[in-house]
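Shown next: query35.csv, containing CSV, C-alpha atoms.
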```csv
chain,number,residue,atom,x,y,z
A,282,MET,CA,0.0,0.0,0.0
A,283,ARG,CA,1.5,3.3,-1.1
A,284,LEU,CA,1.2,6.0,1.6
A,285,ASN,CA,0.9,9.7,0.8
A,286,ARG,CA,1.5,12.7,3.1
A,287,ARG,CA,-1.2,15.2,3.5
A,288,LEU,CA,-0.8,18.4,5.5
A,289,LEU,CA,-3.8,18.6,7.9
A,290,LEU,CA,-3.0,21.8,9.8
A,291,THR,CA,-0.4,24.4,10.7
A,292,GLY,CA,-0.7,26.6,13.7
A,293,GLY,CA,1.2,29.4,15.5
A,294,SER,CA,4.3,30.6,13.7
A,295,GLY,CA,5.0,27.5,11.8
A,296,VAL,CA,6.1,25.6,14.9
A,297,LEU,CA,3.2,23.2,14.9
A,298,GLY,CA,2.1,21.1,12.0
A,299,VAL,CA,0.0,17.9,12.0
A,300,THR,CA,0.5,15.7,9.0
A,301,VAL,CA,-1.9,12.9,8.1
A,302,LEU,CA,-0.2,9.8,6.5
A,303,ASN,CA,-2.8,7.9,4.6
A,304,THR,CA,-4.1,6.9,1.2
A,305,VAL,CA,-7.1,9.2,1.2
A,306,THR,CA,-7.1,12.8,0.1
A,307,GLY,CA,-6.9,15.0,3.2
A,308,CYS,CA,-8.1,18.5,4.0
A,309,SER,CA,-6.7,21.6,5.6
A,310,GLY,CA,-8.5,23.8,8.1
A,311,SER,CA,-7.6,26.8,10.3
A,312,ASP,CA,-9.4,30.0,11.3
A,313,PRO,CA,-8.1,33.4,9.9
A,314,ALA,CA,-5.8,33.8,12.9
A,315,GLY,CA,-4.1,30.5,12.1
A,316,THR,CA,-5.6,28.6,15.0
A,317,PRO,CA,-5.9,24.8,14.2
A,318,SER,CA,-9.3,23.6,13.5
A,319,ALA,CA,-10.7,21.1,16.0
A,320,ALA,CA,-13.2,19.7,13.5
A,321,ALA,CA,-13.6,15.9,13.2
A,322,PRO,CA,-11.3,14.3,10.6
A,323,PRO,CA,-12.8,13.6,7.1
A,324,PRO,CA,-13.8,10.0,6.3
A,325,GLY,CA,-10.9,7.6,5.7
A,326,LEU,CA,-8.5,9.2,8.2
A,327,VAL,CA,-9.4,7.1,11.3
A,328,GLY,CA,-6.8,4.5,12.1
A,329,ASP,CA,-4.0,6.3,10.3
A,330,TRP,CA,-0.7,7.8,11.5
A,331,ARG,CA,-0.5,11.5,12.2
A,332,ARG,CA,2.6,13.7,12.7
A,333,VAL,CA,2.8,16.5,15.2
A,334,ASP,CA,5.7,18.5,13.7
A,335,LEU,CA,7.6,20.4,16.4
A,336,SER,CA,9.9,22.0,13.8
A,337,PHE,CA,13.1,20.0,14.7
A,338,VAL,CA,11.5,16.8,16.1
A,339,SER,CA,8.3,14.9,15.6
A,340,VAL,CA,5.7,13.2,17.7
A,341,TYR,CA,3.5,10.6,16.0
A,342,LEU,CA,-0.1,9.6,16.8
A,343,LEU,CA,-1.7,6.4,15.7
A,344,VAL,CA,-5.5,6.8,15.8
A,345,ARG,CA,-7.6,3.7,15.8
A,346,GLY,CA,-11.3,4.5,16.3
A,347,ARG,CA,-11.5,6.4,19.6
A,348,GLU,CA,-8.1,5.1,20.8
A,349,VAL,CA,-4.7,6.6,20.3
A,350,ALA,CA,-1.1,5.5,20.7
A,351,VAL,CA,1.4,8.4,21.1
A,352,VAL,CA,5.0,7.7,20.0
A,353,ASP,CA,7.4,10.2,21.7
A,354,THR,CA,6.4,13.3,23.5
A,355,GLY,CA,8.7,16.0,22.3
A,356,THR,CA,10.6,18.5,24.5
A,357,PRO,CA,9.2,19.9,27.8
A,358,GLY,CA,6.3,22.2,27.0
A,359,SER,CA,5.2,20.2,23.9
A,360,GLU,CA,1.9,19.1,25.5
A,361,ALA,CA,-0.2,21.9,23.8
A,362,SER,CA,1.1,20.9,20.4
A,363,VAL,CA,0.3,17.2,21.1
A,364,GLU,CA,-3.2,18.2,22.3
A,365,ALA,CA,-3.8,20.2,19.1
A,366,GLY,CA,-2.9,17.1,17.1
A,367,LEU,CA,-5.4,15.0,19.1
A,368,LYS,CA,-8.1,17.7,18.6
A,369,ALA,CA,-7.4,17.7,14.9
A,370,ALA,CA,-8.4,14.0,14.9
A,371,GLY,CA,-11.6,14.9,16.9
A,372,LEU,CA,-10.2,13.4,20.0
A,373,GLY,CA,-8.6,14.4,23.4
A,374,TRP,CA,-6.3,13.2,26.1
A,375,ASP,CA,-8.9,10.7,27.3
A,376,SER,CA,-8.5,8.8,24.0
A,377,VAL,CA,-4.8,8.2,24.6
A,378,ARG,CA,-4.3,4.6,25.7
A,379,HIS,CA,-0.6,4.1,25.1
A,380,VAL,CA,2.5,6.4,25.2
A,381,ILE,CA,5.6,4.8,23.8
A,382,LEU,CA,9.0,6.5,24.0
A,383,THR,CA,11.7,5.5,21.5
A,384,HIS,CA,14.4,6.6,23.9
A,385,GLN,CA,15.4,8.8,26.9
A,386,HIS,CA,16.7,12.0,25.3
A,387,GLN,CA,14.8,15.2,26.2
A,388,ASP,CA,13.7,16.1,22.7
A,389,HIS,CA,11.7,12.8,22.6
A,390,ALA,CA,10.9,12.1,26.3
A,391,GLY,CA,11.0,15.6,27.8
A,392,GLY,CA,7.3,16.2,27.3
A,393,LEU,CA,6.3,13.0,29.2
A,394,ALA,CA,6.3,14.6,32.7
A,395,ALA,CA,3.5,17.0,31.7
A,396,ILE,CA,1.6,14.6,29.5
A,397,ALA,CA,1.6,11.6,31.9
A,398,PRO,CA,-0.8,13.1,34.4
A,399,LEU,CA,-3.2,14.1,31.6
A,400,VAL,CA,-3.8,10.6,30.2
A,401,GLY,CA,-5.1,7.3,31.5
A,402,ALA,CA,-2.5,5.5,29.5
A,403,THR,CA,0.2,2.9,29.9
A,404,LEU,CA,3.6,4.4,29.5
A,405,TYR,CA,6.4,2.5,27.8
A,406,ALA,CA,10.1,2.9,27.1
A,407,GLY,CA,13.0,0.6,26.3
A,408,GLU,CA,14.2,-1.4,29.4
A,409,ALA,CA,17.7,0.2,29.5
A,410,ASP,CA,16.3,3.7,29.3
A,411,VAL,CA,13.5,3.6,31.8
A,412,ALA,CA,15.6,4.7,34.8
A,413,ALA,CA,16.7,7.9,33.0
A,414,ILE,CA,13.2,9.1,32.1
A,415,ASP,CA,11.0,11.5,34.2
A,416,ALA,CA,7.5,10.1,34.2
A,417,ALA,CA,6.2,12.5,36.9
A,418,GLY,CA,5.9,9.7,39.4
A,419,GLU,CA,4.0,7.4,37.0
A,420,THR,CA,5.1,3.9,36.2
A,421,LEU,CA,7.0,3.2,33.0
A,422,THR,CA,6.6,-0.3,31.5
A,423,PRO,CA,9.9,-1.6,30.2
A,424,LEU,CA,10.0,-2.8,26.6
A,425,LYS,CA,12.2,-5.3,25.0
A,426,ASP,CA,12.7,-6.6,21.4
A,427,GLY,CA,9.7,-8.6,20.2
A,428,ASP,CA,7.1,-7.0,22.6
A,429,GLU,CA,3.8,-5.9,21.2
A,430,VAL,CA,1.8,-2.8,22.1
A,431,PHE,CA,-1.5,-1.8,20.4
A,432,GLY,CA,-0.8,-4.3,17.6
A,433,LEU,CA,2.6,-2.6,17.1
A,434,GLN,CA,5.8,-4.6,17.0
A,435,ILE,CA,8.6,-3.3,19.3
A,436,ILE,CA,12.0,-3.5,17.6
A,437,GLY,CA,15.0,-3.2,19.9
A,438,THR,CA,17.4,-0.8,18.1
A,439,PRO,CA,20.1,0.0,20.6
A,440,GLY,CA,23.0,2.3,19.7
A,441,HIS,CA,21.7,5.9,19.8
A,442,THR,CA,20.9,5.0,23.4
A,443,LEU,CA,21.3,1.6,24.9
A,444,GLY,CA,17.5,1.2,25.4
A,445,HIS,CA,16.4,2.7,22.1
A,446,VAL,CA,13.4,1.0,20.4
A,447,SER,CA,11.7,1.5,17.1
A,448,ILE,CA,8.0,0.7,16.4
A,449,PHE,CA,6.8,-1.3,13.4
A,450,GLU,CA,3.2,-1.8,12.2
A,451,PRO,CA,3.4,-5.0,10.2
A,452,GLY,CA,0.0,-4.6,8.5
A,453,THR,CA,0.9,-1.3,6.8
A,454,GLY,CA,4.7,-1.4,6.8
A,455,VAL,CA,5.0,1.8,8.8
A,456,LEU,CA,8.2,2.1,10.8
A,457,VAL,CA,8.6,4.8,13.5
A,458,THR,CA,12.4,5.1,14.2
A,459,GLY,CA,13.0,7.7,16.8
A,460,ASP,CA,16.7,8.5,16.3
A,461,ALA,CA,17.8,5.1,14.9
A,462,LEU,CA,17.1,6.7,11.5
A,463,ARG,CA,16.9,10.4,10.5
A,464,ASN,CA,15.9,12.0,7.2
A,465,GLN,CA,17.3,15.5,7.2
A,466,ASN,CA,19.9,15.1,4.4
A,467,GLY,CA,18.7,11.9,2.9
A,468,LEU,CA,18.2,8.8,5.0
A,469,GLU,CA,20.9,8.3,7.6
A,470,GLY,CA,21.5,6.4,10.8
A,471,SER,CA,22.0,7.8,14.3
A,472,ALA,CA,23.8,11.1,14.5
A,473,PRO,CA,27.3,10.2,15.6
A,474,GLN,CA,27.7,13.0,18.2
A,475,TYR,CA,24.7,11.7,20.1
A,476,THR,CA,25.3,8.0,19.7
A,477,ALA,CA,26.1,5.9,22.8
A,478,ASP,CA,27.4,2.9,20.8
A,479,ALA,CA,28.2,3.3,17.1
A,480,THR,CA,28.6,-0.4,16.5
A,481,GLN,CA,25.2,-1.2,17.9
A,482,ALA,CA,23.6,1.7,16.0
A,483,ALA,CA,24.9,0.3,12.7
A,484,ALA,CA,23.7,-3.2,13.6
A,485,SER,CA,20.3,-1.7,14.4
A,486,VAL,CA,20.0,-0.1,10.9
A,487,LYS,CA,20.8,-3.5,9.3
A,488,LYS,CA,18.2,-5.1,11.5
A,489,LEU,CA,15.5,-2.6,10.4
A,490,ALA,CA,16.5,-3.2,6.8
A,491,GLY,CA,15.3,-6.7,7.1
A,492,LEU,CA,11.7,-5.6,7.7
A,493,GLU,CA,9.0,-5.1,5.0
A,494,VAL,CA,9.1,-1.4,5.4
A,495,LYS,CA,6.8,0.9,3.3
A,496,ALA,CA,7.1,4.1,5.2
A,497,ILE,CA,9.7,5.5,7.6
A,498,LEU,CA,8.6,8.1,10.2
A,499,PRO,CA,11.8,9.4,11.8
A,500,GLY,CA,12.2,11.6,14.8
A,501,HIS,CA,14.1,14.2,12.8
A,502,GLY,CA,13.4,15.1,9.2
A,503,GLU,CA,10.5,14.4,6.9
A,504,PRO,CA,8.6,11.1,6.8
A,505,LEU,CA,9.8,8.9,3.9
A,506,THR,CA,6.7,7.5,2.2
A,507,THR,CA,8.0,6.4,-1.1
A,508,GLY,CA,11.0,4.2,-1.8
A,509,ALA,CA,11.5,3.7,2.0
A,510,LYS,CA,12.6,0.0,1.8
A,511,GLU,CA,15.1,0.7,-1.0
A,512,ALA,CA,16.6,3.7,0.8
A,513,LEU,CA,16.9,1.7,4.0
A,514,GLN,CA,18.5,-1.2,2.4
A,515,LYS,CA,21.0,1.1,0.6
A,516,LEU,CA,21.9,2.7,3.9
A,517,ALA,CA,22.3,-0.6,5.6
A,518,ALA,CA,24.6,-1.9,2.8
A,519,SER,CA,26.8,1.2,3.2
A,520,LEU,CA,27.5,0.5,6.9
```

What would you get if you wrote out this structure as structure tokens?
Amino acid sequence: MRLNRRLLLTGGSGVLGVTVLNTVTGCSGSDPAGTPSAAAPPPGLVGDWRRVDLSFVSVYLLVRGREVAVVDTGTPGSEASVEAGLKAAGLGWDSVRHVILTHQHQDHAGGLAAIAPLVGATLYAGEADVAAIDAAGETLTPLKDGDEVFGLQIIGTPGHTLGHVSIFEPGTGVLVTGDALRNQNGLEGSAPQYTADATQAAASVKKLAGLEVKAILPGHGEPLTTGAKEALQKLAASL
């Protein structure tokens, strides 16, 4: 199934954007002042991935009916942007059932302390990263390679951090990679200056290349929705 990106909304000063990743033509909506529309999504968007674009890092929402899984939480103070993304889907915090962190770094896990008290959700992170994450007193469920959450396959991808995980949806081929992959200057692996173990990071890229990937949703850079598998295999072969 070929996935296309549709811009759903942009608010503020270009800091917030929510992108719908689906096969159905999307729509755009905002008031004259640029405030995101909270109208219910058009038919065909339910169950699809959505991107909350925080300019330099992304949060991803998987909406299935009235239930949502949030992957990563952005930096501290990102809760308003995530809430706007939920409202764009016609939902709110009470729809969030799962919050999955790809890793411990503040640009991905920093928003959890504010978001955790707002949701009646199970919170997850890779086993080796759990101790380093501020969950505002809430319990973090440790994840390991091969676990399943909300029908999503957890892929252990250590290297960027020792507890880094990626999330794969086998039915659609969507892969959410945190910082195991980035797409700012073409598809690349973990940024060397922020990588805990370069050998493990390279092995994780090769591991991901063995999946039937159709779309890559990275923590940094634009989603890769065409030629994802080929680009990933080319990257893996270069390591």

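Atom CA of A:Ala517 to atom CA of A:Glu503 spans 19.1 Å [interatomic distance, one decimal].
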
Checklist entry - Quick one: distance from atom CA of A:Val351 to atom CA of A:Val377 in Å, one decimal? => result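 Pair atom CA of A:Val351 / atom CA of A:Val377 returns 7.1 Å.
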
Next on the checklist: Give me, as an MDAnalysis selection string, all polymer residues having an atom no more than 10 Å from A:Thr420, counting all atoms listed in the file and skipping those fewer than 6 positions away in the same chain.
Outcome noted: chainID A and resid 397 403:405 411

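Among the candidates A:Gln387, A:Asn464, A:Ser471, A:Gln514, the one nearest to A:Ile497 when counting only C-alpha atoms is A:Asn464.
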
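The closest residue to A:Gly500, picked from A:Asp428, A:Glu348, A:Glu360, A:Asp353 and counting all atoms listed in the file, is A:Asp353.
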
Checklist entry - Quick one: of A:Val430, A:Leu462, A:Leu343, A:Ile414, who's nearest to A:Gly444, counting only C-alpha atoms? => result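 Nearest to A:Gly444: A:Ile414.
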
Checklist entry - Quick one: of A:Leu513, A:Asp388, A:Thr383, A:Gly401, who's nearest to A:Lys425, counting only C-alpha atoms? => result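 Ranked by minimum distance to A:Lys425, first place goes to A:Thr383.
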
Checklist entry - Near A:Thr356, within 10 Å and counting all atoms listed in the file, which residues show up once chain neighbours fewer than 5 positions away are dropped, as a ChimeraX atom specification? => result /A:335,338-340,386-393

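With only C-alpha atoms as the basis for measurement, A:Val349 is the residue among A:Leu498, A:Val349, A:Ala417, A:Val446 that approaches A:Asp375 most closely.
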
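For the pair atom CA of A:Trp330 and atom CA of A:Gly346, the interatomic distance is 12.1 Å.
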
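Proximity to A:Asp478 at 8 Å, evaluated using all atoms listed in the file and with sequence-adjacent residues fewer than 6 positions away removed, yields Pro439, Gly440, His441, Thr442 and Leu443 of chain A.
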
What would the file look like if the residues just selected were written as a PDB file, in the coordinates of the input with C-alpha atoms?
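Result file follows (part_30.pdb):
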```pdb
ATOM      1  CA  PRO A 439      20.100   0.000  20.600  1.00  0.00           C
ATOM      2  CA  GLY A 440      23.000   2.300  19.700  1.00  0.00           C
ATOM      3  CA  HIS A 441      21.700   5.900  19.800  1.00  0.00           C
ATOM      4  CA  THR A 442      20.900   5.000  23.400  1.00  0.00           C
ATOM      5  CA  LEU A 443      21.300   1.600  24.900  1.00  0.00           C
TER       6      LEU A 443
END
```

Next on the checklist: Could you check the closest approach to A:Ser362 for each of A:Ala472, A:Ile396, A:Ala496, A:Val333 and tell me which residue wins, using all atoms listed in the file?
Outcome noted: A:Val333

Select from stretch 354-438 of chain A every residue with an atom at most 9 Å from any atom of stretch 482-490 of chain A, then for each give the shortest pair of atoms and their distance in Å to one decimal, using all atoms listed in the file, rows by chain and rising number, as CSV.
```
residue,atom,partner,partner_atom,distance
A:Ile436,CA,A:Leu489,CA,8.1
A:Gly437,CA,A:Ser485,CA,7.8
A:Thr438,CA,A:Ser485,CA,4.8
```

Next on the checklist: Around the point (3.3, 10.5, 20.7) (coordinates from the file), which residues reach within 7 Å if we count all atoms listed in the file? Answer as a PyMOL selection string.
Outcome noted: chain A and resi 340-342+350-354+380-381

Within 7 Å of A:Gly373, counting all atoms listed in the file, which residues qualify if same-chain residues fewer than 4 places away don't, as a short mmCIF file (atom, residue, chain, number, x, y, z; two decimals) with C-alpha atoms, keeping the file's coordinate frame?
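Ended up saving to part21.cif:
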```cif
data_model
loop_
_atom_site.label_atom_id
_atom_site.label_comp_id
_atom_site.auth_asym_id
_atom_site.auth_seq_id
_atom_site.Cartn_x
_atom_site.Cartn_y
_atom_site.Cartn_z
CA GLU A 364 -3.20 18.20 22.30
CA LEU A 367 -5.40 15.00 19.10
CA LYS A 368 -8.10 17.70 18.60
#
```

Checklist entry - Skipping near chain neighbours, those fewer than 4 positions away, what residues fall within 6 Å of A:Pro423 using all atoms listed in the file, listed as JSON, numbers by chain? => result {"A": [405, 406, 407, 408]}
